[in-house]
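Before any comments, here is the structure.
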Amino acid sequence: MQTGDLAPDGVLPSGSPLSSLRGQPVILAFAPDEWNPMLAHQSTIFARLSQEFGGGAAFVDTATDDWHSLDCRSTLAAQFGVAGQRALFLLDEQGVVRWKTVVSPGQDLQSGQVLTALEALYASPVTADNEKAASGGLSRRTFVTATLAAAALLLLPGCGSSASDSHTVETAAAGTSSDQVPVVLTINGLSHQLQLDPRVALLDALRENLHLTGTKKGCDHGQCGACTVHLDGQSALSCLTLAVMSQGKNITTIEGLAQGDKLHPVQEAFLQHDAFQCGYCTPGQIMAAAALLQDPHTPTGSAVELREAMSGNLCRCAAYPNIIAAIQAVQRA
């Protein structure tokens with residue numbers, strides 16, 4: 001099945017023909033039949049796709065009744081030529097394949113692979129939803145759906161893989177080269193077993209291998225603080241920290257700062273004091289502030305001293321007064 005082909009009119013798990021979804025963009029996500037409960041954020045992304053683009057626009061195997069299952073070993077997968085593979089297809093309103101990405105068994109998915117698959121799509125003219133698309137063009141709705149679909153694909157577990165243990169996530173590196181070493185990282189209370197090049201920074205391991213993208217890549221030179229995490233409760237710049245050197249330490253990222261639905265006091269203060277604008281530096285600011293407030297030597301009351309203590313975290317939107325106000329509010333609480 002190639003881009004530009006009319007999708008086969010296969011039968012969905014509900015028993016309805018695929019053609020019954022014509023008139024809306026459709027995402028077909030072929031995933032394993034074992035759903036990994038560790039990837040709750042993945043389910044959230046697909047739920048958002050479904051809500052935004054007509055309910056039922058995304059198909060993925062989950063344990064909930066609200067989803068249809070597209071098993072990568074199903075007849076429909078064979079019709080699309082991706083049996084046994086992890087894959088995602090985007091069909092436009094006419095049922096034409098406008099974009100696809102396929103990952104063979106045993107291969108790892110890199111973000112560049114998805115971006116490459118999207119290049120041709122992004123080059124197409126985009127029209128408003130109520131306008132007829134030009135030849136080769138896309139509706140705005142299909143275009144936005146593709147963007148969200150790309151994010152969803154990066155979170156799909158490998159086809160045929162088993163659900164991870166509730167306390168351990170094993171990430172296998174297929175075709176591991178001889179220069180890779182086993183690395184065990186304890187992140188937000190969970191143990192992750194990885195195979196990494198010894199030169200891989202903790203930041204890249206978090207984002208590329210474990211999909212913990214709350215930790216941001218800013219300057220990648222240790223100058224902006226966007227990548228701040230906690231190592232044994234202390235602030236650390238993950239872009240300058242080797243993943244292999246983080247073994248045996250308790251790593252906390254922005255995803256693990258809250259306790260369930262209860263936000264950390266610093267997170268609540270940032271919301272109350274509007275201590276962010278674009279939000280890109282916010283995870284690093286929050287992590288740095290949380291570590292700072294745990295330090296018994298942190299100055300209290302003085303905005304000047306707090307500014308100095310937080311000077312390693314840059315905010316291009318210049319929300320510094322509100323950030324300091326949020327930290328002071330937590331100190332007074």
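How things are named: the first chain in the structure tokens is A, the next is B, and so on; residues count from 1 in each chain; ligands count from 1 in the order shown.
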Could you give me, as a VMD selection string, the residues within 12 Å of Ala319 in chain A, counting only C-alpha atoms and dropping anything in the same chain fewer than 6 positions from it? chain A and resid 270 273 to 282 285 307 313 325 to 326
Please produce a file of those selected residues containing C-alpha atoms, as a PDB file, in the first residue's frame.
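Now in selection.pdb:
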ATOM      1  CA  PHE A 270       3.384  28.456  38.906  1.00  0.00           C
ATOM      2  CA  HIS A 273       1.141  33.209  39.664  1.00  0.00           C
ATOM      3  CA  ASP A 274       1.054  32.724  35.880  1.00  0.00           C
ATOM      4  CA  ALA A 275       4.787  31.987  35.950  1.00  0.00           C
ATOM      5  CA  PHE A 276       5.055  30.927  32.317  1.00  0.00           C
ATOM      6  CA  GLN A 277       4.199  32.161  28.847  1.00  0.00           C
ATOM      7  CA  CYS A 278       5.260  29.893  25.972  1.00  0.00           C
ATOM      8  CA  GLY A 279       5.913  27.146  28.538  1.00  0.00           C
ATOM      9  CA  TYR A 280       8.998  25.629  26.926  1.00  0.00           C
ATOM     10  CA  CYS A 281      11.334  26.441  29.815  1.00  0.00           C
ATOM     11  CA  THR A 282       8.664  25.768  32.448  1.00  0.00           C
ATOM     12  CA  GLN A 285      12.150  26.100  35.901  1.00  0.00           C
ATOM     13  CA  ARG A 307      17.069  35.401  41.149  1.00  0.00           C
ATOM     14  CA  ASN A 313      17.343  28.728  34.098  1.00  0.00           C
ATOM     15  CA  ALA A 325       6.747  35.275  43.088  1.00  0.00           C
ATOM     16  CA  ALA A 326       5.727  31.619  42.739  1.00  0.00           C
TER      17      ALA A 326
END
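Compared by their closest atoms to Ala78 in chain A, and using only C-alpha atoms, the residues A:Leu314, A:Ala258, A:Met1, A:Leu190 rank with A:Met1 nearest.
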Quick one: distance from CA of Asp179 in chain A to CA of His192 in chain A in Å, one decimal? 19.4 Å
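Summary of the local environment: counting only C-alpha atoms, residues at most 8 Å from Gln94 in chain A, other than itself and those fewer than 6 positions away along its chain, are A:Arg22, A:Gly23, A:Gln24.
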Using only C-alpha atoms, pick whichever of A:Asp197, A:Glu93, A:Asp9, A:Asp295 has the shortest atom-to-atom distance to Ile27 in chain A. A:Glu93
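Residues within 12 Å of Glu308 in chain A, counting only C-alpha atoms and excluding same-chain residues fewer than 6 positions away, are Leu292, Thr298, Pro299, Ser302, Leu314, Tyr320 and Ile324 of chain A.
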Keeping only all heavy atoms, write those residues as a CSV table (one decimal), in the first residue's frame.
chain,number,residue,atom,x,y,z
A,292,LEU,N,15.6,23.7,44.7
A,292,LEU,CA,16.1,24.8,45.4
A,292,LEU,C,15.3,24.9,46.8
A,292,LEU,O,15.9,25.2,47.8
A,292,LEU,CB,15.8,26.1,44.6
A,292,LEU,CG,16.4,27.4,45.2
A,292,LEU,CD1,17.9,27.3,45.2
A,292,LEU,CD2,15.9,28.6,44.4
A,298,THR,N,18.8,27.5,51.1
A,298,THR,CA,18.1,28.4,50.1
A,298,THR,C,17.8,29.7,50.8
A,298,THR,O,17.1,29.7,51.9
A,298,THR,CB,16.9,27.8,49.5
A,298,THR,OG1,17.3,26.6,48.8
A,298,THR,CG2,16.1,28.8,48.6
A,299,PRO,N,18.1,30.9,50.3
A,299,PRO,CA,17.7,32.2,50.9
A,299,PRO,C,16.2,32.3,50.9
A,299,PRO,O,15.5,31.9,50.0
A,299,PRO,CB,18.4,33.2,50.0
A,299,PRO,CG,18.5,32.5,48.6
A,299,PRO,CD,18.8,31.1,49.0
A,302,SER,N,14.3,37.1,50.0
A,302,SER,CA,15.0,38.0,49.1
A,302,SER,C,14.8,37.6,47.7
A,302,SER,O,15.3,36.6,47.2
A,302,SER,CB,16.5,38.0,49.5
A,302,SER,OG,17.2,38.8,48.6
A,314,LEU,N,17.0,30.0,32.1
A,314,LEU,CA,16.6,31.1,31.3
A,314,LEU,C,15.2,31.0,30.8
A,314,LEU,O,14.7,30.0,30.5
A,314,LEU,CB,17.6,31.3,30.1
A,314,LEU,CG,19.0,31.3,30.4
A,314,LEU,CD1,19.8,31.5,29.1
A,314,LEU,CD2,19.3,32.4,31.4
A,320,TYR,N,10.3,36.2,34.6
A,320,TYR,CA,11.1,36.1,35.8
A,320,TYR,C,10.4,36.6,37.1
A,320,TYR,O,10.4,36.0,38.1
A,320,TYR,CB,12.4,36.8,35.7
A,320,TYR,CG,13.3,36.2,34.6
A,320,TYR,CD1,13.7,36.9,33.5
A,320,TYR,CD2,13.8,34.9,34.7
A,320,TYR,CE1,14.5,36.4,32.5
A,320,TYR,CE2,14.6,34.3,33.7
A,320,TYR,CZ,14.9,35.1,32.6
A,320,TYR,OH,15.7,34.5,31.7
A,324,ILE,N,9.7,34.2,40.4
A,324,ILE,CA,10.2,34.5,41.7
A,324,ILE,C,9.0,34.6,42.7
A,324,ILE,O,9.1,34.1,43.8
A,324,ILE,CB,11.0,35.8,41.7
A,324,ILE,CG1,12.3,35.6,40.8
A,324,ILE,CG2,11.4,36.1,43.1
A,324,ILE,CD1,13.2,34.5,41.2
Those of range 172-302 of chain A in DSSP strand (DSSP E), formatted as an mmCIF file with N, CA, C and O atoms, in the first residue's frame:
data_model
loop_
_atom_site.group_PDB
_atom_site.id
_atom_site.type_symbol
_atom_site.label_atom_id
_atom_site.label_comp_id
_atom_site.auth_asym_id
_atom_site.auth_seq_id
_atom_site.Cartn_x
_atom_site.Cartn_y
_atom_site.Cartn_z
ATOM 1 N N VAL A 181 26.245 -0.523 25.848
ATOM 2 C CA VAL A 181 26.374 -1.177 27.146
ATOM 3 C C VAL A 181 25.009 -1.215 27.821
ATOM 4 O O VAL A 181 24.149 -0.371 27.553
ATOM 5 N N PRO A 182 24.763 -2.198 28.683
ATOM 6 C CA PRO A 182 23.500 -2.223 29.423
ATOM 7 C C PRO A 182 23.475 -1.118 30.470
ATOM 8 O O PRO A 182 24.459 -0.890 31.181
ATOM 9 N N VAL A 183 22.372 -0.428 30.543
ATOM 10 C CA VAL A 183 22.203 0.673 31.491
ATOM 11 C C VAL A 183 20.870 0.503 32.195
ATOM 12 O O VAL A 183 19.844 0.273 31.540
ATOM 13 N N VAL A 184 20.860 0.600 33.495
ATOM 14 C CA VAL A 184 19.629 0.519 34.281
ATOM 15 C C VAL A 184 19.422 1.872 34.960
ATOM 16 O O VAL A 184 20.256 2.321 35.747
ATOM 17 N N LEU A 185 18.323 2.521 34.623
ATOM 18 C CA LEU A 185 18.015 3.838 35.174
ATOM 19 C C LEU A 185 16.756 3.759 36.026
ATOM 20 O O LEU A 185 15.756 3.166 35.612
ATOM 21 N N THR A 186 16.794 4.358 37.194
ATOM 22 C CA THR A 186 15.618 4.442 38.061
ATOM 23 C C THR A 186 15.032 5.828 37.909
ATOM 24 O O THR A 186 15.607 6.825 38.365
ATOM 25 N N ILE A 187 13.891 5.893 37.233
ATOM 26 C CA ILE A 187 13.279 7.176 36.887
ATOM 27 C C ILE A 187 11.862 7.221 37.423
ATOM 28 O O ILE A 187 11.044 6.349 37.106
ATOM 29 N N LEU A 190 10.553 3.995 38.799
ATOM 30 C CA LEU A 190 10.498 2.804 37.947
ATOM 31 C C LEU A 190 11.878 2.486 37.402
ATOM 32 O O LEU A 190 12.668 3.394 37.100
ATOM 33 N N SER A 191 12.162 1.209 37.248
ATOM 34 C CA SER A 191 13.449 0.768 36.723
ATOM 35 C C SER A 191 13.339 0.525 35.223
ATOM 36 O O SER A 191 12.425 -0.166 34.760
ATOM 37 N N HIS A 192 14.261 1.097 34.469
ATOM 38 C CA HIS A 192 14.267 0.972 33.012
ATOM 39 C C HIS A 192 15.584 0.338 32.587
ATOM 40 O O HIS A 192 16.664 0.851 32.904
ATOM 41 N N GLN A 193 15.506 -0.767 31.857
ATOM 42 C CA GLN A 193 16.699 -1.449 31.359
ATOM 43 C C GLN A 193 16.899 -1.083 29.895
ATOM 44 O O GLN A 193 16.026 -1.338 29.061
ATOM 45 N N LEU A 194 18.039 -0.499 29.596
ATOM 46 C CA LEU A 194 18.320 -0.002 28.255
ATOM 47 C C LEU A 194 19.662 -0.526 27.757
ATOM 48 O O LEU A 194 20.506 -0.957 28.544
ATOM 49 N N GLN A 195 19.845 -0.459 26.442
ATOM 50 C CA GLN A 195 21.138 -0.674 25.815
ATOM 51 C C GLN A 195 21.511 0.636 25.148
ATOM 52 O O GLN A 195 20.842 1.088 24.212
ATOM 53 N N LEU A 196 22.576 1.295 25.630
ATOM 54 C CA LEU A 196 22.908 2.630 25.166
ATOM 55 C C LEU A 196 24.384 2.748 24.817
ATOM 56 O O LEU A 196 25.227 2.057 25.389
ATOM 57 N N THR A 228 16.559 20.532 33.065
ATOM 58 C CA THR A 228 16.820 20.240 34.476
ATOM 59 C C THR A 228 15.995 19.060 34.981
ATOM 60 O O THR A 228 14.786 18.988 34.773
ATOM 61 N N VAL A 229 16.664 18.125 35.639
ATOM 62 C CA VAL A 229 16.012 17.009 36.330
ATOM 63 C C VAL A 229 16.601 16.940 37.735
ATOM 64 O O VAL A 229 17.474 17.725 38.095
ATOM 65 N N HIS A 230 16.127 16.007 38.531
ATOM 66 C CA HIS A 230 16.683 15.778 39.863
ATOM 67 C C HIS A 230 17.464 14.467 39.870
ATOM 68 O O HIS A 230 16.965 13.445 39.393
ATOM 69 N N LEU A 231 18.674 14.510 40.390
ATOM 70 C CA LEU A 231 19.456 13.306 40.668
ATOM 71 C C LEU A 231 19.631 13.233 42.179
ATOM 72 O O LEU A 231 20.316 14.081 42.771
ATOM 73 N N GLN A 234 18.804 16.490 43.864
ATOM 74 C CA GLN A 234 19.558 17.683 43.507
ATOM 75 C C GLN A 234 19.351 18.020 42.031
ATOM 76 O O GLN A 234 19.229 17.130 41.192
ATOM 77 N N SER A 235 19.354 19.322 41.711
ATOM 78 C CA SER A 235 19.217 19.746 40.322
ATOM 79 C C SER A 235 20.392 19.246 39.500
ATOM 80 O O SER A 235 21.541 19.269 39.953
ATOM 81 N N ALA A 236 20.104 18.820 38.278
ATOM 82 C CA ALA A 236 21.155 18.387 37.365
ATOM 83 C C ALA A 236 20.729 18.722 35.944
ATOM 84 O O ALA A 236 19.542 18.657 35.613
ATOM 85 N N LEU A 237 21.681 19.115 35.135
ATOM 86 C CA LEU A 237 21.423 19.392 33.725
ATOM 87 C C LEU A 237 21.577 18.080 32.955
ATOM 88 O O LEU A 237 22.681 17.565 32.803
ATOM 89 N N ASN A 250 18.514 8.065 41.999
ATOM 90 C CA ASN A 250 17.078 8.252 41.809
ATOM 91 C C ASN A 250 16.863 9.481 40.936
ATOM 92 O O ASN A 250 17.164 10.604 41.353
ATOM 93 N N ILE A 251 16.367 9.239 39.750
ATOM 94 C CA ILE A 251 16.147 10.313 38.783
ATOM 95 C C ILE A 251 14.680 10.717 38.821
ATOM 96 O O ILE A 251 13.795 9.865 38.753
ATOM 97 N N THR A 252 14.443 12.002 38.935
ATOM 98 C CA THR A 252 13.066 12.515 38.896
ATOM 99 C C THR A 252 12.951 13.502 37.752
ATOM 100 O O THR A 252 13.767 14.417 37.628
#
Which residues come within 10 Å of Ala77 in chain A, counting only C-alpha atoms, excluding same-chain residues fewer than 3 positions away, as a count of residues only? 18
Name the closest residue to Pro265 in chain A among the candidates A:Gln180, A:Thr3, A:Gln294, A:Thr300; distances are taken between atoms, counting only C-alpha atoms.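 The closest residue to Pro265 in chain A is A:Gln294.
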Have a look at A:Thr101, A:Gln331, A:Thr213, A:Gln2 and name the one nearest to Ala303 in chain A; count only C-alpha atoms. A:Gln331
Polymer residues at most 12 Å from Leu263 in chain A, only C-alpha atoms, same-chain spacing of 6 or more positions, as JSON, numbers by chain: {"A": [254, 255, 256, 257, 269, 270, 271, 286, 290]}
Restricting the calculation to only C-alpha atoms, which member of A:Val200, A:Leu21, A:Leu210, A:Met287 is positioned closest to Leu242 in chain A?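 The answer is A:Val200, which sits nearest to Leu242 in chain A.
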May I ask for the distance between CA of Gly248 in chain A and CA of Gln223 in chain A, given in Å to one decimal place?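 Going from CA of Gly248 in chain A over to CA of Gln223 in chain A covers 25.9 Å.
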Please measure the separation of CA of Arg98 in chain A and CA of Gly4 in chain A, giving the value in Å to one decimal.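 Between CA of Arg98 in chain A and CA of Gly4 in chain A the gap works out to 5.9 Å.
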Report as number ranges by chain all protein, DNA and RNA residues lying within 7 Å of Gly218 in chain A, evaluated on only C-alpha atoms, omitting residues in the same chain fewer than 4 positions from it. A: 224, 226-227
Write a file of the just-selected residues containing C-alpha atoms, as a compact mmCIF listing (two decimals), in the first residue's frame.
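Final output, saved to out-v3.txt:
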# COMPACT_ATOMS: atom_id res chain seq x y z
CA CYS A 224 19.58 27.41 29.51
CA ALA A 226 15.41 23.65 30.15
CA CYS A 227 16.64 20.07 30.66
